[in-house]
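K.L.:
Supplied structure: structure-v1.cif, mmCIF, C-alpha atoms.
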```cif
data_model
#
loop_
_atom_site.label_atom_id
_atom_site.label_comp_id
_atom_site.auth_asym_id
_atom_site.auth_seq_id
_atom_site.Cartn_x
_atom_site.Cartn_y
_atom_site.Cartn_z
CA GLU A 10 37.73 0.06 -3.85
CA ALA A 11 35.05 -1.72 -5.85
CA GLY A 12 31.51 -1.47 -4.52
CA VAL A 13 28.85 -4.13 -4.02
CA ALA A 14 28.06 -5.83 -7.32
CA GLN A 15 24.68 -7.27 -8.22
CA SER A 16 23.31 -9.04 -11.26
CA PRO A 17 21.16 -8.99 -13.17
CA ARG A 18 20.12 -5.36 -12.95
CA TYR A 19 16.68 -6.03 -14.37
CA LYS A 20 14.55 -9.16 -14.64
CA ILE A 21 11.05 -9.72 -15.98
CA ILE A 22 9.36 -13.05 -15.36
CA GLU A 23 5.88 -14.48 -15.27
CA LYS A 24 4.23 -15.54 -12.04
CA ARG A 25 5.06 -19.06 -10.88
CA GLN A 26 8.45 -18.90 -12.60
CA SER A 27 11.74 -19.03 -10.67
CA VAL A 28 14.40 -16.34 -10.48
CA ALA A 29 17.80 -15.95 -8.86
CA PHE A 30 19.82 -12.89 -7.97
CA TRP A 31 23.54 -12.71 -7.35
CA CYS A 32 25.54 -10.45 -5.07
CA ASN A 33 29.28 -9.95 -4.66
CA PRO A 34 30.05 -7.86 -1.56
CA ILE A 35 32.92 -5.46 -1.02
CA SER A 36 36.12 -7.43 -0.57
CA GLY A 37 36.70 -8.36 3.06
CA HIS A 38 33.19 -7.55 4.21
CA ALA A 39 31.98 -10.28 6.53
CA THR A 40 28.35 -9.23 6.78
CA LEU A 41 25.95 -9.40 3.85
CA TYR A 42 22.32 -8.31 3.74
CA TRP A 43 19.46 -8.82 1.30
CA TYR A 44 16.62 -6.30 1.27
CA GLN A 45 13.36 -6.07 -0.63
CA GLN A 46 12.17 -2.57 -1.56
CA ILE A 47 8.68 -2.32 -2.95
CA LEU A 48 7.86 0.88 -4.84
CA GLY A 49 7.00 3.69 -2.43
CA GLN A 50 8.29 1.84 0.63
CA GLY A 51 11.54 1.63 2.53
CA PRO A 52 13.80 -1.41 2.24
CA LYS A 53 12.79 -4.47 4.25
CA LEU A 54 15.56 -6.70 5.55
CA LEU A 55 15.06 -10.25 4.30
CA ILE A 56 18.19 -11.98 5.53
CA GLN A 57 21.52 -11.15 7.13
CA PHE A 58 24.64 -13.31 6.86
CA GLN A 59 27.74 -13.11 9.01
CA ASN A 60 30.40 -14.87 6.93
CA ASN A 61 28.44 -17.92 5.70
CA GLY A 62 26.11 -18.19 8.71
CA VAL A 63 22.60 -16.74 8.94
CA VAL A 64 22.20 -14.07 11.63
CA ASP A 65 18.58 -13.15 10.94
CA ASP A 66 16.06 -14.41 8.42
CA SER A 67 12.88 -13.67 10.33
CA GLN A 68 11.36 -11.65 7.47
CA LEU A 69 12.29 -14.06 4.68
CA PRO A 70 9.18 -15.82 3.26
CA LYS A 71 10.74 -19.24 3.50
CA ASP A 72 8.01 -21.02 1.56
CA ARG A 73 9.26 -19.38 -1.63
CA PHE A 74 12.47 -17.48 -0.89
CA SER A 75 15.86 -18.98 -0.18
CA ALA A 76 19.32 -17.53 0.14
CA GLU A 77 22.79 -18.89 0.53
CA ARG A 78 26.27 -17.55 0.99
CA LEU A 79 28.71 -20.27 0.22
CA LYS A 80 32.33 -19.75 1.31
CA GLY A 81 31.31 -16.52 3.05
CA VAL A 82 31.71 -14.34 -0.05
CA ASP A 83 29.14 -14.26 -2.89
CA SER A 84 25.47 -14.78 -2.20
CA THR A 85 22.42 -15.78 -4.17
CA LEU A 86 18.77 -15.07 -3.41
CA LYS A 87 16.17 -17.27 -5.10
CA ILE A 88 12.42 -16.97 -5.47
CA GLN A 89 10.49 -20.09 -6.43
CA PRO A 90 7.71 -19.71 -7.47
CA ALA A 91 7.35 -15.97 -7.92
CA LYS A 92 4.14 -14.10 -7.18
CA LEU A 93 2.94 -10.76 -8.48
CA GLU A 94 3.62 -9.15 -5.09
CA ASP A 95 7.31 -10.05 -5.36
CA SER A 96 7.76 -7.23 -7.87
CA ALA A 97 10.32 -5.00 -6.18
CA VAL A 98 13.95 -3.95 -6.16
CA TYR A 99 16.17 -6.45 -4.39
CA LEU A 100 19.09 -4.73 -2.73
CA CYS A 101 22.24 -6.37 -1.49
CA ALA A 102 24.42 -4.60 1.05
CA SER A 103 27.59 -5.44 2.90
CA SER A 104 29.57 -4.22 5.87
CA ALA A 105 32.93 -5.04 7.40
CA SER A 106 31.37 -5.65 10.78
CA SER A 107 27.77 -6.23 11.87
CA SER A 108 27.38 -2.50 12.37
CA TYR A 109 24.74 -0.85 10.20
CA ASN A 110 26.64 2.44 10.16
CA GLU A 111 29.18 0.84 7.85
CA GLN A 112 26.66 -0.67 5.45
CA PHE A 113 27.07 -0.08 1.69
CA PHE A 114 24.34 -0.92 -0.80
CA GLY A 115 24.68 -2.36 -4.27
CA PRO A 116 22.75 -0.97 -7.26
CA GLY A 117 19.89 -3.45 -6.84
CA THR A 118 17.99 -5.81 -9.13
CA ARG A 119 14.60 -4.61 -10.33
CA LEU A 120 12.22 -7.59 -10.60
CA THR A 121 8.93 -7.37 -12.44
CA VAL A 122 6.55 -10.31 -12.11
CA LEU A 123 3.79 -10.39 -14.75
CA GLN B 18 0.87 1.63 14.20
CA LYS B 19 3.90 1.44 11.93
CA GLU B 20 7.22 0.77 13.61
CA VAL B 21 8.86 3.74 11.86
CA GLU B 22 6.69 6.55 10.52
CA GLN B 23 7.54 9.35 8.13
CA ASN B 24 5.45 11.87 6.26
CA SER B 25 5.63 10.77 2.61
CA GLY B 26 5.70 14.33 1.31
CA PRO B 27 6.56 15.77 -1.05
CA LEU B 28 8.17 18.44 1.06
CA SER B 29 9.00 21.46 -1.06
CA VAL B 30 11.68 23.84 0.23
CA PRO B 31 13.22 26.87 -1.51
CA GLU B 32 16.92 26.73 -2.34
CA GLY B 33 19.05 28.05 0.51
CA ALA B 34 16.43 27.40 3.18
CA ILE B 35 16.45 24.78 5.94
CA ALA B 36 14.72 21.49 5.21
CA SER B 37 13.33 19.67 8.25
CA LEU B 38 12.52 15.97 8.00
CA ASN B 39 10.84 14.09 10.80
CA CYS B 40 10.51 10.49 11.91
CA THR B 41 8.78 8.76 14.82
CA TYR B 42 9.29 5.22 16.02
CA SER B 43 7.25 2.88 18.18
CA ASP B 44 9.89 0.77 19.96
CA ARG B 45 10.91 2.75 23.05
CA GLY B 46 13.98 0.55 23.49
CA SER B 47 15.48 1.40 20.10
CA GLN B 48 19.12 2.40 20.38
CA SER B 49 20.42 3.37 16.95
CA PHE B 50 18.98 5.72 14.36
CA PHE B 51 19.97 6.35 10.76
CA TRP B 52 19.16 8.70 7.93
CA TYR B 53 19.63 7.54 4.34
CA ARG B 54 19.28 9.48 1.12
CA GLN B 55 17.92 7.73 -1.94
CA TYR B 56 17.88 9.34 -5.36
CA SER B 57 15.25 8.12 -7.79
CA GLY B 58 16.29 4.79 -9.28
CA LYS B 59 19.36 4.54 -7.06
CA SER B 60 20.20 2.65 -3.89
CA PRO B 61 20.17 4.22 -0.40
CA GLU B 62 23.29 5.89 0.94
CA LEU B 63 23.92 6.62 4.60
CA ILE B 64 24.01 10.30 5.56
CA MET B 65 23.96 10.30 9.34
CA PHE B 66 23.62 8.02 12.32
CA ILE B 67 22.91 9.00 15.91
CA TYR B 68 22.80 7.02 19.12
CA SER B 69 22.45 9.60 21.92
CA ASN B 70 19.86 12.20 22.76
CA GLY B 71 20.62 15.63 21.35
CA ASP B 72 22.10 16.94 18.14
CA LYS B 73 24.79 15.59 15.86
CA GLU B 74 26.15 17.80 13.10
CA ASP B 75 28.00 16.85 9.94
CA GLY B 76 28.49 19.65 7.45
CA ARG B 77 25.08 20.93 6.32
CA PHE B 78 23.29 18.05 8.04
CA THR B 79 22.13 17.87 11.66
CA ALA B 80 20.43 14.84 13.18
CA GLN B 81 18.35 15.37 16.30
CA LEU B 82 17.21 12.61 18.63
CA ASN B 83 14.66 12.76 21.42
CA LYS B 84 14.21 9.30 22.91
CA ALA B 85 11.58 10.43 25.41
CA SER B 86 9.35 11.58 22.55
CA GLN B 87 10.51 8.72 20.26
CA TYR B 88 11.37 11.24 17.61
CA VAL B 89 14.33 11.72 15.31
CA SER B 90 14.77 14.48 12.78
CA LEU B 91 17.15 15.57 10.05
CA LEU B 92 17.85 19.21 9.28
CA ILE B 93 19.49 20.21 6.01
CA ARG B 94 20.86 23.76 6.01
CA ASP B 95 21.43 25.83 2.87
CA SER B 96 19.36 23.36 0.82
CA GLN B 97 20.61 22.72 -2.71
CA PRO B 98 18.76 21.28 -5.72
CA SER B 99 21.06 18.25 -5.42
CA ASP B 100 19.42 17.52 -2.04
CA SER B 101 16.20 16.64 -3.85
CA ALA B 102 15.70 12.96 -3.04
CA THR B 103 13.80 10.60 -0.77
CA TYR B 104 15.09 10.53 2.80
CA LEU B 105 14.70 7.27 4.68
CA CYS B 106 14.70 7.05 8.46
CA ALA B 107 15.85 3.71 9.90
CA VAL B 108 15.87 2.35 13.42
CA ILE B 109 17.48 -0.66 15.04
CA ASN B 110 14.72 -2.63 16.73
CA SER B 111 15.83 -3.37 20.29
CA SER B 112 14.19 -6.77 20.61
CA ALA B 113 15.32 -8.25 17.31
CA SER B 114 18.41 -6.15 16.67
CA LYS B 115 17.46 -5.68 13.05
CA ILE B 116 17.11 -2.50 11.03
CA ILE B 117 13.63 -1.20 10.19
CA PHE B 118 13.13 1.50 7.59
CA GLY B 119 10.38 4.04 7.27
CA SER B 120 8.75 4.61 3.90
CA GLY B 121 10.66 7.81 3.32
CA THR B 122 9.94 11.50 2.79
CA ARG B 123 10.32 12.91 -0.69
CA LEU B 124 12.14 16.26 -0.57
CA SER B 125 12.09 18.72 -3.45
CA ILE B 126 14.33 21.79 -3.42
CA ARG B 127 12.95 24.47 -5.72
CA PRO B 128 15.41 26.99 -7.26
#
```
Rewrite the structure of this file - the entire thing - as structure tokens.
P.N.:
Amino acid sequence: EAGVAQSPRYKIIEKRQSVAFWCNPISGHATLYWYQQILGQGPKLLIQFQNNGVVDDSQLPKDRFSAERLKGVDSTLKIQPAKLEDSAVYLCASSASSSYNEQFFGPGTRLTVL
Amino acid sequence: QKEVEQNSGPLSVPEGAIASLNCTYSDRGSQSFFWYRQYSGKSPELIMFIYSNGDKEDGRFTAQLNKASQYVSLLIRDSQPSDSATYLCAVINSSASKIIFGSGTRLSIRP
């Protein structure tokens, strides 16, 4: 069974630029999560999708971050414009149900904002 | 007060000994508790989850939960060098039903 796929794996941009990350969950997984993990901290949940609907986005900075999951499969997370403090690893995870004990993480995208 | 607190470490344990990792949480109504292992440069992987007070064992790992003290721990028996990693405690917040991670404890197993 293929795992969660993410691209790109690394991205370096300058502040005020835009960036987008892509995630392909495990086949058949209805729930998809985006996390931000800043160096030295634990992951912070940004947004949770159930199929193509948003379950929770309370920690998503909506003035600059957006996410979508069209057709309930792939998802993209966008930052526009980026700030220095957005430098982090962005992790995508998926699960068959909404249960966190079945959550599998992708390899992450490491973003550096200069 | 942080919602989920862990000692950042590093915690250094000799090979073969028991490693004890601790976590406290602030939301008394939290129901679900998780331990993840994260190797440097890799993504987190779930080791254990526990919902009820008491102990839950899985191989060399034992999770312990004490809801009255708002405390959850992870014991690793017969520690191996491959156990060297950062261990993340995570809790499901009762009011928002979302997962909240601690900052992790870095564990180093010395041969």
K.L.:
Taking only residues of chain B that have an atom at most 12 Å from an atom of chain A, what is each one's shortest atom pair and its distance in Å to one decimal, using all atoms listed in the file, in chain and number order, as a tab-separated table?
P.N.:
```
residue	atom	partner	partner_atom	distance
B:Glu20	CA	A:Gly51	CA	11.9
B:Val21	CA	A:Gly51	CA	9.9
B:Glu22	CA	A:Gly51	CA	10.6
B:Gln23	CA	A:Gly51	CA	10.3
B:Asn24	CA	A:Gln50	CA	11.8
B:Ser25	CA	A:Gly49	CA	8.8
B:Gly26	CA	A:Gly49	CA	11.4
B:Ser49	CA	A:Tyr109	CA	9.1
B:Phe50	CA	A:Asn110	CA	9.3
B:Phe51	CA	A:Asn110	CA	7.8
B:Trp52	CA	A:Asn110	CA	10.0
B:Tyr53	CA	A:Gly51	CA	10.2
B:Arg54	CA	A:Gly51	CA	11.1
B:Gln55	CA	A:Gly51	CA	9.9
B:Tyr56	CA	A:Pro116	CA	11.6
B:Ser57	CA	A:Leu48	CA	10.8
B:Gly58	CA	A:Pro116	CA	8.9
B:Lys59	CA	A:Pro116	CA	6.5
B:Ser60	CA	A:Pro116	CA	5.6
B:Pro61	CA	A:Phe114	CA	6.6
B:Glu62	CA	A:Phe113	CA	7.1
B:Leu63	CA	A:Asn110	CA	7.5
B:Ile64	CA	A:Asn110	CA	9.5
B:Met65	CA	A:Asn110	CA	8.3
B:Phe66	CA	A:Asn110	CA	6.7
B:Ile67	CA	A:Asn110	CA	9.5
B:Tyr68	CA	A:Asn110	CA	10.8
B:Thr103	CA	A:Gly51	CA	9.8
B:Tyr104	CA	A:Gly51	CA	9.6
B:Leu105	CA	A:Gly51	CA	6.8
B:Cys106	CA	A:Gly51	CA	8.6
B:Ala107	CA	A:Gly51	CA	8.8
B:Val108	CA	A:Tyr109	CA	10.0
B:Ile109	CA	A:Tyr109	CA	8.7
B:Asn110	CA	A:Leu54	CA	11.9
B:Ala113	CA	A:Asp65	CA	8.7
B:Ser114	CA	A:Asp65	CA	9.0
B:Lys115	CA	A:Leu54	CA	7.8
B:Ile116	CA	A:Leu54	CA	7.1
B:Ile117	CA	A:Lys53	CA	6.8
B:Phe118	CA	A:Gly51	CA	5.3
B:Gly119	CA	A:Gly51	CA	5.4
B:Ser120	CA	A:Gly51	CA	4.3
B:Gly121	CA	A:Gly51	CA	6.3
B:Thr122	CA	A:Gly49	CA	9.8
B:Arg123	CA	A:Gly49	CA	10.0
```
K.L.:
Exactly which residues make up the result of the PyMOL selection byres ((chain A and resi 12) around 7) on this file, given as an NGL selection string?
P.N.:
:A and (10-11 or 13-14 or 35 or 115)
K.L.:
Would you mind listing what lies within 7 Å of Asn39 (chain B) as an mmCIF file with C-alpha atoms, keeping the file's coordinate frame, with all atoms listed in the file counted and same-chain residues fewer than 6 positions away left out?
P.N.:
```cif
data_model
loop_
_atom_site.group_PDB
_atom_site.id
_atom_site.type_symbol
_atom_site.label_atom_id
_atom_site.label_comp_id
_atom_site.auth_asym_id
_atom_site.auth_seq_id
_atom_site.Cartn_x
_atom_site.Cartn_y
_atom_site.Cartn_z
ATOM 1 C CA GLN B 23 7.540 9.350 8.130
ATOM 2 C CA VAL B 89 14.330 11.720 15.310
ATOM 3 C CA SER B 90 14.770 14.480 12.780
ATOM 4 C CA LEU B 91 17.150 15.570 10.050
#
```
K.L.:
Go through the shown structure with the PyMOL selection byres ((chain B and resi 127) around 8) and write out the matching residues as a PyMOL selection string.
P.N.:
chain B and resi 29-32+98+125-126+128
K.L.:
Mind writing the picked residues with C-alpha atoms as a PDB file, keeping the file's coordinate frame?
P.N.:
```pdb
ATOM      1  CA  SER B  29       9.000  21.460  -1.060  1.00  0.00           C
ATOM      2  CA  VAL B  30      11.680  23.840   0.230  1.00  0.00           C
ATOM      3  CA  PRO B  31      13.220  26.870  -1.510  1.00  0.00           C
ATOM      4  CA  GLU B  32      16.920  26.730  -2.340  1.00  0.00           C
ATOM      5  CA  PRO B  98      18.760  21.280  -5.720  1.00  0.00           C
ATOM      6  CA  SER B 125      12.090  18.720  -3.450  1.00  0.00           C
ATOM      7  CA  ILE B 126      14.330  21.790  -3.420  1.00  0.00           C
ATOM      8  CA  PRO B 128      15.410  26.990  -7.260  1.00  0.00           C
TER       9      PRO B 128
END
```
K.L.:
For the atom pair CA of Gln48 (chain B) and CA of Arg78 (chain A), what is the interatomic distance in Å to one decimal place?
P.N.:
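Going from CA of Gln48 (chain B) over to CA of Arg78 (chain A) covers 28.7 Å.
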K.L.:
Rank A:Lys87, A:Arg73, A:His38, A:Lys92 by their smallest atom-to-atom distance to Ser107 (chain A), using only C-alpha atoms, and report the top residue only.
P.N.:
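Nearest candidate to Ser107 (chain A) out of A:Lys87, A:Arg73, A:His38, A:Lys92: A:His38.
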K.L.:
Name the residues captured by the PyMOL selection byres ((chain A and resi 40) around 8) when it is applied to the shown file; answer as a list in words.
P.N.:
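The output of the PyMOL selection byres ((chain A and resi 40) around 8) on this file is His38, Ala39, Leu41, Tyr42, Gln57, Phe58, Gln59, Asn60, Ser103, Ser104, Ala105, Ser106 and Ser107 of chain A.
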K.L.:
Report, in Å to a single decimal, how far apart CA of Ser111 (chain B) and CA of Gly71 (chain B) are.
P.N.:
19.6 Å
K.L.:
So that I can check the surroundings of Val28 (chain A), please list as a PyMOL selection string every protein, DNA and RNA residue that reaches within 12 Å of it, counting all atoms listed in the file and ignoring chain neighbours fewer than 2 positions away.
P.N.:
chain A and resi 16-17+19-26+30-31+73-76+85-92+95-96+99+118-122
K.L.:
Looking at B:Ser112, B:Ser47, B:Thr41, B:Gln97, which one is nearest to Gln81 (chain B), with distances taken over only C-alpha atoms?
P.N.:
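Closest candidate: B:Thr41.
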K.L.:
State, in Å with one decimal place, the distance from CA of Pro34 (chain A) to CA of Asp100 (chain B).
P.N.:
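CA of Pro34 (chain A) sits 27.5 Å away from CA of Asp100 (chain B).
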K.L.:
Padding of 3 Å on every side, edges along x, y and z, all listed atoms of region 31-38 of chain B included: what centre and edge lengths in Å, to one decimal, does that box have, as JSON?
P.N.:
```
{"center_x": 15.8, "center_y": 22.0, "center_z": 3.0, "size_x": 12.5, "size_y": 18.1, "size_z": 16.6}
```
K.L.:
Please provide as a list in words all residues within 12 Å of Arg77 (chain B), with the sequence filter that same-chain residues fewer than 2 positions apart are discarded (counting only C-alpha atoms).
P.N.:
Gly33, Ala34, Ile35, Ala36, Ser37, Ile64, Met65, Lys73, Glu74, Asp75, Thr79, Ala80, Leu91, Leu92, Ile93, Arg94, Asp95, Ser96, Gln97 and Asp100 of chain B
K.L.:
Those selected residues, please, written with C-alpha atoms and delivered as a JSON list (two decimals), in the coordinates of the input.
P.N.:
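Once written, out-v4.json looks like this:
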```json
[["chain", "number", "residue", "atom", "x", "y", "z"],
["B", 33, "GLY", "CA", 19.05, 28.05, 0.51],
["B", 34, "ALA", "CA", 16.43, 27.40, 3.18],
["B", 35, "ILE", "CA", 16.45, 24.78, 5.94],
["B", 36, "ALA", "CA", 14.72, 21.49, 5.21],
["B", 37, "SER", "CA", 13.33, 19.67, 8.25],
["B", 64, "ILE", "CA", 24.01, 10.30, 5.56],
["B", 65, "MET", "CA", 23.96, 10.30, 9.34],
["B", 73, "LYS", "CA", 24.79, 15.59, 15.86],
["B", 74, "GLU", "CA", 26.15, 17.80, 13.10],
["B", 75, "ASP", "CA", 28.00, 16.85, 9.94],
["B", 79, "THR", "CA", 22.13, 17.87, 11.66],
["B", 80, "ALA", "CA", 20.43, 14.84, 13.18],
["B", 91, "LEU", "CA", 17.15, 15.57, 10.05],
["B", 92, "LEU", "CA", 17.85, 19.21, 9.28],
["B", 93, "ILE", "CA", 19.49, 20.21, 6.01],
["B", 94, "ARG", "CA", 20.86, 23.76, 6.01],
["B", 95, "ASP", "CA", 21.43, 25.83, 2.87],
["B", 96, "SER", "CA", 19.36, 23.36, 0.82],
["B", 97, "GLN", "CA", 20.61, 22.72, -2.71],
["B", 100, "ASP", "CA", 19.42, 17.52, -2.04]]
```
